[in-house]
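Here the structure is laid out as structure tokens; the discussion comes afterwards.
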Amino acid sequence: MKPEPQPEAFLPGLGNSPSFALIPVQKLTRDQAIQELARLAKTIAYHDQRYFQDDQPEISDADYDALALRNRQIEAQFPDLRREDSPSKRIGAPVAKGFKKVKHRVPMLSLENAFTPEDVANFYDRIRRFLSLDHDEAIDCVAEPKIDGLSAALHYQNGRLRLAATRGDGSEGEDITENVKTIGDVPVILSGDHIPESLEIRGEIYMSRSAFFQLNQQRQAEGEPEFANPRNAAAGSVRQLDPSVSAKRPLSFFAYYYDTLSGDHTLTHADCLDNLRKWGFSVNPEIKLCQTEADLTNFYADINSHRSELAYDIDGVVYKVNNLTWQKRLGSVGRTPRYALAHKFEAEKAETILESINIQVGRTGVLTPVAHLKPITVGGVVVSRATLHNADEIARKDVRIGDHVMVQRAGDVIPQVVSVIAAKRPATAVPFTFPTACPVCGGEVSEIPDEVARRCLNGLQCPAQAVERLKHFVSRDAFDIEGLGARNIESFFDEGLVRTPVDIFTLEHRDQKMPTPLRRKDGWGIQSAVNLFNAIDKRRTISLDRFIYALGIPQIGNITAKLLAKHYGTYDRLMQAMHDAQIIGSEALYDLLNLDGIGQNMAQDLLAFFHDPHNITLLKDLKTQLTIPEFILESRQDTALSGKTVVFTGTLEKMSRVEAKATAERLGAKVAGSVSKKTDYVIIGADAGSKAKSAQDLGVTILNEDEWIQMTK
Ligand code: IVH
């Protein structure tokens, strides 16, 4: 039972109006109920503000819950008195701000997507090559439906549920323990035996289709906005701050993975699933162990043909290598494991009318044509814009304004116009003329013969590029400044408050002298302005890899940024190298090109970036605002290979070159393509050629494959 609300002190700024807070709900007269609902709406809104916007709650969660409960109870008694601004009508995003953050002990990865049988064949080939398996060696895989919900991590200690968290950005999620406890499929206490002391379960929270339809019916009857699809409904429900609301939303859970974090002897993924079942979890009954690639594609075809009969939405199937020792060896690249693949169902398509075409100018000046469509629902989501990719694609598909077009949405990718329905072309349809000047700044547009993309050549002088670069600068894998999203960047840019990344760090200082400081602007307040400045300050110390990525250098994504950070180690060494490498024939250029993962083309973009006078000034100014510590790989402290440079040559017999390289990198080593006096080890396989000779000449330590395996064990 929730406690009745305590007679709270009158709230600041709310006036001392009479209150019927102490009268039990059943005894309220209609007039008293009207006044009580008004008081509760105001009080709860006040506490929402203190909690969500100001991050300074004044009352306990239990007291807040009691207020919300009383409001709902009065509304249940007098449904016609429900106010337009009733707290029970508010749902959705801002609520999430109130959840505690949880750092994942092991990052929550995502999956690489496959769309065709060739993609699946490539997945197999890659595993075979990586593990150096014979072409006829079986690779058992478990095939599982890919549930369209949201993943969660559940921590059990001595068989008891202690913590549940959302995936969040993969490294940090939100604490949803109380809400997860309301899910019937999630055992709060595990059953069976051999339960590891510490256990982390991963799985998917979802809403069945029937529960979703019922919920929407109910919401429609209550005049509430309906959820677009079961996934949104599940996400919205699990992110309710009030677990009693969550409890009323019928959520389900399928477990698909666990980690004991304390040494485990399970050999296969199929065994893991068995254990999960024994401990009391729901494991998807469609899951199948497959021996061959053909078994997988049959599973895919089979489940695709009866997916509409399943009780829940799925958007594909997941294949996972069954052998856990292999899984471990395969490891992951970036955020996706090599041992698993999501084979997605064909994208959902729908027909609509293309009303106009706009040009969007991206961070690197690329001009992308965007189709504005008559809004249409594709796979449960309303789509009104879709990409047309580039001028060549418009010409190839002969897309004209006014055409009937097929639009598709696959997974989370941007919707695209796939084809024109020529038979329905109206006489009024007009071809699109690609602009010859940048539509934002009027600057010159390049038409490089081999490059399909057309670019605005005005660089940071072009406002569109400047804004996009700023958005990238503050994005999740870059500076990740809380409260400084795309919308705020745009309005700060338009007002002239933030024009370059440096302006972000001088904003607070300049703001103090503004006639209308941030705190007095529309939609802002003292607390939210303070929160923003604090969030900016928190990022004045930034790791070198994030810093490099944030610069938005063409082709330099977060993996390459990490590679560069690892190689150069400090900001100063990176700058020096980028300066020196501008000279053809320099050792710095040779060193850069020798880095595994940096091609000629990428090196050109890098050097062009560090040569540009605007960028040089920007970097100099930024450096005065920031602290960029030496880049330390997490694994560096305790491995003999930390910071060493290794070169592989010849054919390795017990593992593939890719696996050997991945292991070296995991242990903190750099892998180079050729031997120099900076090389620490050369690992020699069969038929090694000239590199072995140079190693000998330079006196570099040479290891054979067994010695290498010994060293990396
Ligand atoms: S395994 C390391 N198995 O798909 C791999 N994921 O696109 C971790 N999902 O974030 C995921 N059903 O939310 C796995 N049977 C299944 C799944 C599944 C749905 C979701 C999950 C994940 C996303 C990746």
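Lettering and numbering for the structure tokens are positional, with chains as A, B, ... in the shown order, residues counted from 1 in each chain, and ligands counted from 1 in the shown order.
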
Nearby residues (only C-alpha atoms) at most 10 Å from Asp259 (chain A), same-chain spacing under 5 positions excluded, as a PyMOL selection string: chain A and resi 106+155+196+198-202+264+272

At a cut-off of 6 Å around ligand 1, and using only C-alpha atoms and all ligand atoms, what residues come up? Please write them as a ChimeraX atom specification. /A:109-111,144-148,150-151,204,256,318,337

Would you put the residues from that selection into a file with N, CA, C and O atoms, as a compact mmCIF listing (two decimals), in the first residue's frame?
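Result saved to part07.txt:
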```txt
# COMPACT_ATOMS: atom_id res chain seq x y z
N LEU A 109 26.95 -4.70 -26.74
CA LEU A 109 27.27 -4.51 -28.16
C LEU A 109 26.00 -4.49 -29.00
O LEU A 109 24.92 -4.83 -28.52
N SER A 110 26.15 -4.08 -30.26
CA SER A 110 25.03 -4.24 -31.18
C SER A 110 25.46 -5.22 -32.27
O SER A 110 26.57 -5.74 -32.21
N LEU A 111 24.61 -5.45 -33.24
CA LEU A 111 24.91 -6.50 -34.22
C LEU A 111 25.13 -5.94 -35.61
O LEU A 111 24.52 -4.93 -35.99
N GLU A 144 18.32 -17.47 -33.85
CA GLU A 144 17.29 -16.98 -32.93
C GLU A 144 16.46 -15.90 -33.60
O GLU A 144 17.00 -15.12 -34.39
N PRO A 145 15.18 -15.81 -33.30
CA PRO A 145 14.41 -14.68 -33.82
C PRO A 145 14.97 -13.39 -33.24
O PRO A 145 15.41 -13.38 -32.09
N LYS A 146 14.99 -12.34 -34.04
CA LYS A 146 15.46 -11.05 -33.53
C LYS A 146 14.23 -10.28 -33.05
O LYS A 146 13.45 -9.77 -33.86
N ILE A 147 14.07 -10.24 -31.75
CA ILE A 147 12.88 -9.64 -31.15
C ILE A 147 12.95 -8.12 -31.29
O ILE A 147 13.99 -7.52 -31.00
N ASP A 148 11.84 -7.52 -31.70
CA ASP A 148 11.83 -6.07 -31.88
C ASP A 148 11.42 -5.39 -30.57
O ASP A 148 10.27 -4.99 -30.40
N LEU A 150 13.57 -3.85 -26.67
CA LEU A 150 14.76 -3.12 -26.25
C LEU A 150 15.56 -4.00 -25.31
O LEU A 150 14.99 -4.73 -24.49
N SER A 151 16.89 -3.98 -25.49
CA SER A 151 17.68 -4.93 -24.73
C SER A 151 17.92 -4.40 -23.32
O SER A 151 17.94 -3.19 -23.08
N GLU A 204 15.79 -9.36 -24.19
CA GLU A 204 14.99 -8.33 -24.85
C GLU A 204 13.66 -8.13 -24.11
O GLU A 204 12.92 -9.09 -23.89
N TYR A 256 18.60 -14.16 -23.69
CA TYR A 256 19.36 -14.81 -24.76
C TYR A 256 20.87 -14.91 -24.49
O TYR A 256 21.62 -15.34 -25.35
N VAL A 318 18.86 -13.74 -35.65
CA VAL A 318 20.25 -13.53 -35.22
C VAL A 318 20.96 -14.88 -35.29
O VAL A 318 20.41 -15.88 -34.82
N PRO A 337 30.16 -7.69 -32.48
CA PRO A 337 30.95 -8.91 -32.36
C PRO A 337 31.11 -9.59 -33.72
O PRO A 337 30.21 -9.50 -34.56
```

Write out as a ChimeraX atom specification which residues come within 12 Å of Ala294 (chain A) when counting only C-alpha atoms, dropping same-chain ones fewer than 4 positions away. /A:117,120-121,124,138-141,143,290,298-302

When DSSP is applied to the backbone of this structure, which of region 125-331 of chain A are assigned alpha helix (DSSP H)? Write them out as a VMD selection string. chain A and resid 125 to 131 177 to 180 209 to 221 230 to 238 243 to 247 269 to 278 293 to 305 324 to 330

Which residue out of A:Ser132, A:Asn304, A:Gln461, A:Asn275 has the minimum interatomic distance to Gly192 (chain A) when only C-alpha atoms are used? A:Asn275

Determine the nearest neighbour of Ala152 (chain A) from the options A:Ile628, A:Leu551, A:Val671, A:Val180, counting only C-alpha atoms.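 Under the stated criterion, the closest residue is A:Val180.
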
All residues 10 Å or closer to Val333 (chain A), only C-alpha atoms, same chain fewer than 5 positions away omitted, as a PyMOL selection string: chain A and resi 112+338+559+662

Which of these residues is nearest to Arg82 (chain A), using only C-alpha atoms: A:Asp612, A:Glu222, A:Asp295, A:Glu707?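 Counting only C-alpha atoms, the residue closest to Arg82 (chain A) is A:Glu222.
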
Would you pick out the contacts of region 629-632 of chain A at 6 Å or less, using only C-alpha atoms, so that residues sharing its chain but fewer than 6 positions from it are not included, and give the list as number ranges by chain? A: 544, 569-570

Between A:Arg510, A:Arg400, A:Lys562, A:Lys471, single out the one closest to Val430 (chain A), counting only C-alpha atoms. A:Arg400

Name the closest residue to Pro230 (chain A) among the candidates A:Ile583, A:Leu703, A:Ala422, A:Ile314; distances are taken between atoms, counting only C-alpha atoms. A:Ile314

Find the residues near Ile74 (chain A): any atom within 10 Å, counting only C-alpha atoms, skip ones fewer than 4 places away on the same chain, and give them as a VMD selection string. chain A and resid 24 to 26 28 30 33 to 34 36 to 37 69 to 70 78 to 79 81 to 82

I want to know what sits within 9 Å of Gln555 (chain A), based on only C-alpha atoms, with residues of the same chain fewer than 5 positions away left out; could you give that as a JSON list (two decimals) with all heavy atoms, in the first residue's frame?
```json
[["chain", "number", "residue", "atom", "x", "y", "z"],
["A", 560, "THR", "N", 39.11, 4.71, -36.59],
["A", 560, "THR", "CA", 40.37, 5.28, -37.06],
["A", 560, "THR", "C", 40.90, 6.31, -36.06],
["A", 560, "THR", "O", 42.12, 6.40, -35.85],
["A", 560, "THR", "CB", 40.18, 5.95, -38.44],
["A", 560, "THR", "OG1", 39.39, 5.08, -39.23],
["A", 560, "THR", "CG2", 41.49, 6.22, -39.11],
["A", 601, "ASN", "N", 44.22, 7.33, -49.43],
["A", 601, "ASN", "CA", 43.14, 8.28, -49.55],
["A", 601, "ASN", "C", 42.80, 8.95, -48.22],
["A", 601, "ASN", "O", 42.63, 10.17, -48.12],
["A", 601, "ASN", "CB", 41.95, 7.44, -50.01],
["A", 601, "ASN", "CG", 40.99, 8.26, -50.79],
["A", 601, "ASN", "OD1", 40.34, 9.10, -50.19],
["A", 601, "ASN", "ND2", 40.95, 8.03, -52.09],
["A", 602, "MET", "N", 42.76, 8.13, -47.18],
["A", 602, "MET", "CA", 42.46, 8.62, -45.84],
["A", 602, "MET", "C", 43.58, 9.56, -45.38],
["A", 602, "MET", "O", 43.33, 10.62, -44.81],
["A", 602, "MET", "CB", 42.42, 7.41, -44.92],
["A", 602, "MET", "CG", 41.38, 7.47, -43.88],
["A", 602, "MET", "SD", 41.57, 5.99, -42.90],
["A", 602, "MET", "CE", 39.97, 5.29, -43.06],
["A", 605, "ASP", "N", 43.15, 12.98, -46.81],
["A", 605, "ASP", "CA", 42.14, 13.78, -46.11],
["A", 605, "ASP", "C", 42.66, 14.29, -44.78],
["A", 605, "ASP", "O", 42.41, 15.44, -44.39],
["A", 605, "ASP", "CB", 40.87, 12.94, -45.88],
["A", 605, "ASP", "CG", 39.96, 12.95, -47.11],
["A", 605, "ASP", "OD1", 40.21, 13.76, -48.03],
["A", 605, "ASP", "OD2", 39.03, 12.13, -47.16],
["A", 606, "LEU", "N", 43.38, 13.42, -44.09],
["A", 606, "LEU", "CA", 43.95, 13.81, -42.79],
["A", 606, "LEU", "C", 44.90, 14.99, -42.95],
["A", 606, "LEU", "O", 44.81, 16.00, -42.26],
["A", 606, "LEU", "CB", 44.76, 12.65, -42.24],
["A", 606, "LEU", "CG", 44.23, 11.81, -41.10],
["A", 606, "LEU", "CD1", 45.18, 10.69, -40.80],
["A", 606, "LEU", "CD2", 43.98, 12.64, -39.86]]
```

What are the DSSP strand (DSSP E or B) residues of region 367-396 of chain A, as a list of chain:residue names?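 Answer for region 367-396 of chain A restricted to strand (DSSP E or B) is A:Leu367, A:Thr368, A:Pro369, A:Val370, A:Ala371, A:His372, A:Leu373, A:Lys374, A:Pro375, A:Ile376, A:Thr377, A:Val378, A:Val381, A:Val382, A:Val383, A:Ser384, A:Arg385, A:Ala386, A:Thr387.
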
Any chance you can output those residues with N, CA and C atoms as a PDB file, in the first residue's frame?
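Heads up, here's the output in out07.pdb:
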```
ATOM      1  N   LEU A 367      26.376  17.463 -50.890  1.00  0.00           N
ATOM      2  CA  LEU A 367      24.992  17.884 -51.136  1.00  0.00           C
ATOM      3  C   LEU A 367      24.126  16.629 -51.290  1.00  0.00           C
ATOM      4  N   THR A 368      23.176  16.438 -50.385  1.00  0.00           N
ATOM      5  CA  THR A 368      22.318  15.256 -50.472  1.00  0.00           C
ATOM      6  C   THR A 368      20.889  15.676 -50.802  1.00  0.00           C
ATOM      7  N   PRO A 369      20.336  15.138 -51.897  1.00  0.00           N
ATOM      8  CA  PRO A 369      18.937  15.457 -52.199  1.00  0.00           C
ATOM      9  C   PRO A 369      17.997  14.678 -51.272  1.00  0.00           C
ATOM     10  N   VAL A 370      17.044  15.388 -50.687  1.00  0.00           N
ATOM     11  CA  VAL A 370      16.097  14.759 -49.767  1.00  0.00           C
ATOM     12  C   VAL A 370      14.691  14.895 -50.338  1.00  0.00           C
ATOM     13  N   ALA A 371      13.985  13.777 -50.428  1.00  0.00           N
ATOM     14  CA  ALA A 371      12.625  13.790 -50.955  1.00  0.00           C
ATOM     15  C   ALA A 371      11.650  14.144 -49.849  1.00  0.00           C
ATOM     16  N   HIS A 372      10.771  15.101 -50.112  1.00  0.00           N
ATOM     17  CA  HIS A 372       9.692  15.401 -49.170  1.00  0.00           C
ATOM     18  C   HIS A 372       8.447  14.700 -49.678  1.00  0.00           C
ATOM     19  N   LEU A 373       7.889  13.849 -48.825  1.00  0.00           N
ATOM     20  CA  LEU A 373       6.836  12.943 -49.271  1.00  0.00           C
ATOM     21  C   LEU A 373       5.502  13.262 -48.621  1.00  0.00           C
ATOM     22  N   LYS A 374       4.461  12.825 -49.271  1.00  0.00           N
ATOM     23  CA  LYS A 374       3.160  12.840 -48.613  1.00  0.00           C
ATOM     24  C   LYS A 374       3.293  11.802 -47.493  1.00  0.00           C
ATOM     25  N   PRO A 375       3.053  12.206 -46.213  1.00  0.00           N
ATOM     26  CA  PRO A 375       3.333  11.289 -45.105  1.00  0.00           C
ATOM     27  C   PRO A 375       2.661   9.930 -45.279  1.00  0.00           C
ATOM     28  N   ILE A 376       3.414   8.892 -44.960  1.00  0.00           N
ATOM     29  CA  ILE A 376       2.930   7.527 -45.161  1.00  0.00           C
ATOM     30  C   ILE A 376       3.489   6.649 -44.045  1.00  0.00           C
ATOM     31  N   THR A 377       2.708   5.639 -43.639  1.00  0.00           N
ATOM     32  CA  THR A 377       3.210   4.740 -42.595  1.00  0.00           C
ATOM     33  C   THR A 377       3.953   3.577 -43.237  1.00  0.00           C
ATOM     34  N   VAL A 378       5.226   3.437 -42.870  1.00  0.00           N
ATOM     35  CA  VAL A 378       6.014   2.304 -43.368  1.00  0.00           C
ATOM     36  C   VAL A 378       6.493   1.522 -42.144  1.00  0.00           C
ATOM     37  N   VAL A 381       5.879   3.265 -38.748  1.00  0.00           N
ATOM     38  CA  VAL A 381       6.436   4.586 -38.473  1.00  0.00           C
ATOM     39  C   VAL A 381       6.044   5.537 -39.607  1.00  0.00           C
ATOM     40  N   VAL A 382       5.641   6.760 -39.232  1.00  0.00           N
ATOM     41  CA  VAL A 382       5.244   7.716 -40.272  1.00  0.00           C
ATOM     42  C   VAL A 382       6.494   8.312 -40.911  1.00  0.00           C
ATOM     43  N   VAL A 383       6.550   8.232 -42.233  1.00  0.00           N
ATOM     44  CA  VAL A 383       7.710   8.732 -42.957  1.00  0.00           C
ATOM     45  C   VAL A 383       7.272   9.904 -43.830  1.00  0.00           C
ATOM     46  N   SER A 384       8.005  11.030 -43.741  1.00  0.00           N
ATOM     47  CA  SER A 384       7.656  12.138 -44.623  1.00  0.00           C
ATOM     48  C   SER A 384       8.883  12.650 -45.380  1.00  0.00           C
ATOM     49  N   ARG A 385      10.040  12.099 -45.060  1.00  0.00           N
ATOM     50  CA  ARG A 385      11.257  12.463 -45.791  1.00  0.00           C
ATOM     51  C   ARG A 385      12.052  11.203 -46.095  1.00  0.00           C
ATOM     52  N   ALA A 386      12.725  11.214 -47.217  1.00  0.00           N
ATOM     53  CA  ALA A 386      13.551  10.043 -47.556  1.00  0.00           C
ATOM     54  C   ALA A 386      14.733  10.521 -48.368  1.00  0.00           C
ATOM     55  N   THR A 387      15.836   9.783 -48.281  1.00  0.00           N
ATOM     56  CA  THR A 387      17.008  10.228 -49.028  1.00  0.00           C
ATOM     57  C   THR A 387      16.928   9.761 -50.480  1.00  0.00           C
TER      58      THR A 387
END
```

Could you tell me which of A:Ile556, A:Arg249, A:Ala561, A:Phe648 comes closest to Gln218 (chain A) if we count only C-alpha atoms? A:Arg249

For CA of Ile584 (chain A) and CA of Gly668 (chain A), the interatomic separation in Å (one decimal):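 CA of Gly668 (chain A) lies 29.5 Å from CA of Ile584 (chain A).
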
If I take CA of Arg239 (chain A) and CA of Ala529 (chain A), how far is one from the other in Å, to one decimal? 25.4 Å
